[in-house]
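Report on the following structure.
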Amino acid sequence: MVLSKQELKNIETVLVELATKEVGPVLKENAGKMFDSFDDKANQVDLVTAIDKQIEQTILKRLKAEYPDFHFIGEESYTSADREISDAPTFIVDPIDGTTNFIHGYPYSCTSMGLVEKGVPVVGVVYNPHLNQLYHASQGNGAFLNGEPLKPVERPLGLQRSIIALESGSERSSGSSGDDNFDIKQATYRSLLSDQGGYIHGSRSCGSAAMNMCMVASGYLDAYWEGGCWAWDVCAGWCILTETGGKVVGGNANEWKIPVDERCYLAVRGGASESSQDKFIEEFWSHVAGKLKYFWQG
Amino acid sequence: MQEKSHNQDLDLLSIEQFLTDLAVNEVGPLIKAESGIHQDYDLKTGKRKVDIVTAIDKKVEKIIWDNVKRKYPEFKFVGEESYVAGVTKITEDATFIIDPIDGTTNFVHDFPFSCTSMGLTVNREPVVGVIFNPHLDLLVCASKGNGIRVNGQEFDSREKLEHMGPLSLRKSIVALQPGSAREGSNFETKINTYRNLLSCDGGFIHGFRNIGSSAMTLAYLSIGYLDSYWDGGCYSWDVCAGWCILNEAGGRVVGANQGEWDIEVDNRTYLAVRGSLAASEQETYIKDFWKCVQGQLKY
């Protein structure tokens with residue numbers, strides 16, 4: 001089955017309602033108030049809360065009732081056993097993206113809900129209740145911010161004159177522990193920033209992958225490079241970005257076509273020609289100081 | 001001495017109100033309307049291609065200066081655009097220290113974190129601070145002894161601190177900005193220090209954030225969104241307003257380099273830390289942070 005444009009719009013409407021009416025108020029009410037009550041996950045930095053699990057259950061229940069045949073992958077309920085994303089319509093959901101922000105009360109936590117069909121993100125809803133920003137889109141129907149069409153201003157795209165989202169992430173072990181992702185990231189940041197290297201206008205970090213994707217979609221940021229995040233962190237934003245003329249490729253060089261669970265991404269804004277996007281991507285890749293490797297772990 | 005006692009009689013709250021009106025009614029709308037539409041910006045020098053200055057910056061400073069001169073003709077004025085290196089000095093006199101548009105790169109790119117930042121020092125101490133971001137419609141202001149106001153509402157710093165949990169390096173979110181100068185030993189010191197702070201063998205902080213504006217960062221720090229901010233290369237007008245606001249929240253500003261407990265507003269390197277319920281936590285935090293600083297920032 002292939003979902004029609006109208007069906008996608010209907011799903012978008014359901015997700016918008018769920019995000020603004022059910023999830024948003026819980027997020028807003030609890031942000032910054034639960035500092036002492038989180039479980040420590042990997043490396044004690046990746047913070048997950050009881051609220052996270054509770055919100056996922058709310059979303060799962062509603063979507064199962066509305067779309068019983070669709071698959072569901074959520075950050076909290078995900079296990080390595082059901083890691084395959086099939087061709088069937090699959091909701092990919094992060095109940096709270098930017099969990100560290102949520103814990104600290106930094107106003108960049110949000111809920112992020114996407115749908116993929118045949119592996120392609122076709123619906124995306126991201127809602128940040130702290131700043132009251134609702135981004136939503138579905139394939140062929142355009143992207144919106146709080147109901148207004150979202151369209152980045154047309155302007156030249158070039159690496160040196162760009163600002164790019166670069167995050168610290170939560171996995172920070174150096175080579176000694178068996179992978180060198182942290183070292184590669186640090187070396188890449190240095191190369192992009194240095195006057196001897198890319199000398200970009202600047203880097204920005206807000207601590208939420210979904211919000212970064214939306215800010216690239218808005219054209220506030222020119223690009224976002226990330227390694228280590230998951231399908232649910234980027235799925236919704238990916239659809240929103242695509243609908244604004246943006247592009248998502250792999251974070252490692254020459255990966256022009258990647259699945260939604262690649263775990264390593266480079267997102268580039270719209271408002272520029274495809275050839276200038278591709279040129280930007282190739283130039284960016286030339287600064288990536290190694291090959292980032294990520295695996296699915298249960 | 002007469003001058004000094006005159007300074008102490010200033011009605012700081014009314015100065016705060018004056019700057020607030022100026023920020024919200026005159027400056028904010030201009031910043032909002034012009035953000036992201038200037039692509040033919042000037043570049044300060046050939047080498048530092050990243051340091052972007054726009055004509056609009058100068059225009060906004062003139063509007064502020066004209067207004068301030070009319071109302072407070074005896075006060076001194078230090079602004080980013082009118083500043084002359086080696087000549088402009090901050091004295092004991094009441095001095096407005098103003099950045100018409102802080103976060104100029106944000107402004108050029110329409111990243112919604114440019115703002116206007118207006119401060120006043122008396123006896124070289126920041127005593128009034130007004131920061132207004134017209135994109136997020138966020139107004140944060142304070143004056144010495146009068147607490148903080150966020151969008152006109154009194155802000156209860158103590159209640160916020162009670163929700164934030166203890167202050168410690170390992171559990172903190174730190175604002176870090178590479179800034180526009182990316183050459184030489186300062187850039188090396190910054191990059192190495194970032195690494196030390198993040199690494200699981202080092203500070204292993206919860207995370208860093210970077211919004212590309214010193215004033216916005218200090219405003220966010222003052223209202224409890226962040227735990228600290230470490231930077232080098234910024235100027236008095238980038239930090240003056242935010243410093244006053246942070247003081248009113250129980251926060252503290254020291255130097256970015258080890259052992260710099262007492263610094264002037266034009267120190268050019270800063271470590272700003274939020275308040276804490278236990279005073280000793282703040283001092284411990286600063287010492288722990290300085291241990292991660294690898295090298296020395298010099299400007």
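Letters A, B, ... mark the chains of the structure tokens in the order given; residue numbers begin at 1 per chain; ligand numbers begin at 1, in order shown.
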
Would you mind listing, for every residue of chain A within 7 Å of chain B, the two atoms forming the shortest contact and the distance between them in Å to one decimal, using only C-alpha atoms, sorted by chain and ascending residue number, as CSV?
residue,atom,partner,partner_atom,distance
A:Gly32,CA,B:Met164,CA,6.7
A:Lys33,CA,B:His163,CA,5.4
A:Phe35,CA,B:Gly165,CA,6.0
A:Asp36,CA,B:Gly165,CA,6.8
A:Val45,CA,B:His206,CA,5.6
A:His104,CA,B:Tyr225,CA,6.7
A:Gly105,CA,B:Tyr225,CA,5.7
A:Tyr106,CA,B:Tyr225,CA,4.5
A:Ser168,CA,B:Gly207,CA,6.1
A:Arg172,CA,B:Ser199,CA,5.4
A:Ser173,CA,B:Cys200,CA,5.7
A:Leu193,CA,B:Arg182,CA,6.8
A:Ser194,CA,B:Arg182,CA,5.3
A:Asp195,CA,B:Arg182,CA,5.4
A:His201,CA,B:Val50,CA,5.2
A:Arg204,CA,B:Asn210,CA,4.8
A:Ser205,CA,B:Asn210,CA,4.7
A:Cys206,CA,B:Arg209,CA,5.5
A:Gly207,CA,B:Arg209,CA,6.6
A:Tyr220,CA,B:Phe111,CA,4.4
A:Leu221,CA,B:Phe111,CA,6.6

Those selected residues, please, written with C-alpha atoms and delivered as a short mmCIF file (atom, residue, chain, number, x, y, z; two decimals), in the first residue's frame.
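As a result, selection-v2.cif now contains:
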data_model
loop_
_atom_site.label_atom_id
_atom_site.label_comp_id
_atom_site.auth_asym_id
_atom_site.auth_seq_id
_atom_site.Cartn_x
_atom_site.Cartn_y
_atom_site.Cartn_z
CA GLY A 32 13.67 21.49 34.82
CA LYS A 33 11.87 20.10 37.84
CA PHE A 35 16.85 17.01 38.32
CA ASP A 36 17.33 14.40 41.01
CA VAL A 45 25.14 11.45 30.69
CA HIS A 104 18.07 21.10 33.08
CA GLY A 105 15.13 23.23 31.98
CA TYR A 106 16.98 24.52 28.92
CA SER A 168 28.73 17.48 22.05
CA ARG A 172 32.61 10.76 24.84
CA SER A 173 35.15 8.01 25.18
CA LEU A 193 36.37 26.20 12.65
CA SER A 194 40.09 26.84 12.19
CA ASP A 195 41.33 29.75 10.08
CA HIS A 201 31.04 31.68 10.25
CA ARG A 204 25.77 26.41 17.20
CA SER A 205 24.46 23.77 19.58
CA CYS A 206 21.04 23.62 21.14
CA GLY A 207 21.24 20.02 22.40
CA TYR A 220 18.34 29.69 10.52
CA LEU A 221 21.17 27.20 10.25
#

Item to complete: From segment 66-196 of chain B, collect each residue whose DSSP state is strand (DSSP E) and return the set as a count of residues only.
Response: 45

Worksheet item: Taking into account only C-alpha atoms, which residue in the set B:Ser143, B:Asn257, B:Gln17, B:Ser82 is nearest to Lys58 of chain B?
Response: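 Closest to Lys58 of chain B of all the choices is B:Ser82.
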
Worksheet item: Quick one: distance from atom CA of Lys61 of chain A to atom CA of Lys28 of chain A in Å, one decimal?
Response: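 About the pair atom CA of Lys61 of chain A and atom CA of Lys28 of chain A: they are 20.9 Å apart.
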
Item to complete: Measure the distance from atom CA of Ile286 of chain B to atom CA of Phe155 of chain B in Å and round it to one decimal.
Response: 25.0 Å

Discussion item. I'd like the contact shell of Asp233 of chain A - 10 Å cut-off, only C-alpha atoms, skipping same-chain residues fewer than 6 positions apart - returned as a list in words.
Written reply: Glu75, Ile92, Val93, Asp94, Pro95, Ile96, Asp97, Gly98, Thr111, Ser112, Met113, Gly114, Ser208, Ala209, Ala210, Met211, Met213, Val260, Asp261 and Arg263 of chain A

For those residues, write N, CA and C atoms to a file as a CSV table (one decimal), in the first residue's frame.
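Result saved to out_17.csv:
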chain,number,residue,atom,x,y,z
A,75,GLU,N,11.7,5.5,21.2
A,75,GLU,CA,13.0,5.5,21.8
A,75,GLU,C,13.0,4.5,23.1
A,92,ILE,N,7.9,6.5,13.9
A,92,ILE,CA,9.2,6.5,14.6
A,92,ILE,C,9.2,7.7,15.5
A,93,VAL,N,9.2,7.5,16.8
A,93,VAL,CA,8.8,8.5,17.8
A,93,VAL,C,9.9,8.7,18.9
A,94,ASP,N,10.2,9.9,19.1
A,94,ASP,CA,11.0,10.3,20.3
A,94,ASP,C,10.1,11.1,21.2
A,95,PRO,N,9.7,10.5,22.3
A,95,PRO,CA,8.7,11.2,23.2
A,95,PRO,C,9.3,12.6,23.7
A,96,ILE,N,10.6,12.5,24.1
A,96,ILE,CA,11.3,13.8,24.5
A,96,ILE,C,12.6,13.8,23.8
A,97,ASP,N,12.8,14.6,22.9
A,97,ASP,CA,14.1,14.8,22.3
A,97,ASP,C,14.8,16.0,23.0
A,98,GLY,N,16.1,15.8,23.3
A,98,GLY,CA,16.8,16.8,24.1
A,98,GLY,C,16.5,16.5,25.6
A,111,THR,N,8.9,17.2,21.5
A,111,THR,CA,8.5,15.9,21.1
A,111,THR,C,8.7,15.7,19.6
A,112,SER,N,9.1,14.6,19.1
A,112,SER,CA,9.4,14.4,17.7
A,112,SER,C,8.7,13.1,17.2
A,113,MET,N,7.8,13.3,16.3
A,113,MET,CA,7.0,12.1,15.8
A,113,MET,C,7.1,12.1,14.3
A,114,GLY,N,7.5,10.9,13.7
A,114,GLY,CA,7.6,10.8,12.3
A,114,GLY,C,7.0,9.5,11.8
A,208,SER,N,19.4,19.4,20.9
A,208,SER,CA,18.3,18.6,20.4
A,208,SER,C,18.4,18.4,18.9
A,209,ALA,N,18.5,17.1,18.5
A,209,ALA,CA,18.7,16.8,17.1
A,209,ALA,C,17.4,17.3,16.3
A,210,ALA,N,16.3,17.0,16.9
A,210,ALA,CA,15.0,17.4,16.2
A,210,ALA,C,14.9,18.9,16.0
A,211,MET,N,15.3,19.7,17.0
A,211,MET,CA,15.2,21.1,16.9
A,211,MET,C,16.3,21.6,15.9
A,213,MET,N,17.3,20.0,13.2
A,213,MET,CA,16.8,19.7,11.9
A,213,MET,C,15.8,20.8,11.5
A,260,VAL,N,17.1,5.8,7.1
A,260,VAL,CA,16.8,6.7,8.2
A,260,VAL,C,17.5,6.3,9.5
A,261,ASP,N,17.9,5.0,9.6
A,261,ASP,CA,18.7,4.6,10.8
A,261,ASP,C,20.2,4.5,10.6
A,263,ARG,N,22.4,6.6,11.6
A,263,ARG,CA,23.0,7.1,12.9
A,263,ARG,C,24.1,8.2,12.6

Item to complete: For each of A:Asp69, A:Glu17, A:Glu76, A:Asp87, take the minimum atom-to-atom distance to Gln57 of chain A, counting only C-alpha atoms, then give the residue where this is smallest.
Response: A:Glu76

Worksheet item: Which polymer residues have any atom within 12 Å of an atom of Val78 of chain B, counting only C-alpha atoms, with same-chain residues fewer than 2 positions away left out, as a ChimeraX atom specification?
Response: /B:61-62,64-65,68-69,75-76,80-85,87-91,93-100,118-121,235-238,240,266

Practice prompt. Excluding segment 63-66 of chain A and residues on its chain fewer than 5 positions from it, collect all residues at most 9 Å away from it, counting only C-alpha atoms, and give them as a PyMOL selection string.
Written response: chain A and resi 14-15+58+71-72+91

Worksheet item: Can you tell me how far atom CA of Lys247 of chain A sits from atom CA of Ile200 of chain A, in Å to one decimal?
Response: 19.5 Å

Worksheet item: Looking only at the backbone, which of the residues in segment 72-123 of chain A does DSSP tag as helix (DSSP H, G or I), as a PyMOL selection string?
Response: chain A and resi 80-82+99-104

Practice prompt. Find the spatial neighbours of Thr20 of chain A, counting only C-alpha atoms, within a cut-off of 12 Å - ignore same-chain residues fewer than 5 positions away - and output them as number ranges by chain.
Written response: A: 13-15, 25-28, 59, 110-113, 125-130, 132-136, 146

Quick one: write out the picked residues with C-alpha atoms as a CSV table (one decimal), in the first residue's frame?
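Output file again35.csv follows:
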chain,number,residue,atom,x,y,z
A,13,THR,CA,-3.1,16.3,11.7
A,14,VAL,CA,-3.4,13.5,14.2
A,15,LEU,CA,0.2,13.8,15.2
A,25,PRO,CA,1.6,20.2,28.3
A,26,VAL,CA,3.4,17.3,30.1
A,27,LEU,CA,6.7,18.4,28.7
A,28,LYS,CA,6.3,22.0,29.7
A,59,ILE,CA,1.6,8.2,22.1
A,110,CYS,CA,10.6,18.8,22.2
A,111,THR,CA,8.5,15.9,21.1
A,112,SER,CA,9.4,14.4,17.7
A,113,MET,CA,7.0,12.1,15.8
A,125,VAL,CA,5.8,16.7,13.6
A,126,VAL,CA,8.1,18.4,16.1
A,127,TYR,CA,6.7,20.5,19.0
A,128,ASN,CA,8.6,22.6,21.4
A,129,PRO,CA,6.2,23.7,24.1
A,130,HIS,CA,8.7,26.0,25.9
A,132,ASN,CA,5.6,27.3,21.5
A,133,GLN,CA,7.1,26.2,18.2
A,134,LEU,CA,5.2,23.6,16.2
A,135,TYR,CA,6.9,22.3,13.0
A,136,HIS,CA,4.9,19.9,10.8
A,146,ASN,CA,2.7,27.2,13.8

Practice prompt. Determine, counting only C-alpha atoms, which protein, DNA and RNA residues have an atom within 12 Å of an atom of Ser273 of chain A; residues of the same chain fewer than 6 positions away are not included. Present the result as a list in words.
Written response: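 Within the cut-off, the hits are Glu154, Arg155, Pro156, Leu157, Gly158, Gly245, Gly246, Lys247, Lys279 and Phe280 of chain A.
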
Output file for the selection above: C-alpha atoms, as a compact mmCIF listing (two decimals), in the first residue's frame:
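Written out: again.txt:
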# COMPACT_ATOMS: atom_id res chain seq x y z
CA GLU A 154 16.70 32.06 -0.98
CA ARG A 155 20.36 32.91 -0.47
CA PRO A 156 23.75 31.64 -1.52
CA LEU A 157 25.05 28.56 0.29
CA GLY A 158 28.78 28.18 0.89
CA GLY A 245 13.93 21.88 -0.17
CA GLY A 246 16.66 20.65 2.16
CA LYS A 247 18.66 17.47 1.84
CA LYS A 279 29.03 21.31 -3.62
CA PHE A 280 28.53 22.29 0.03
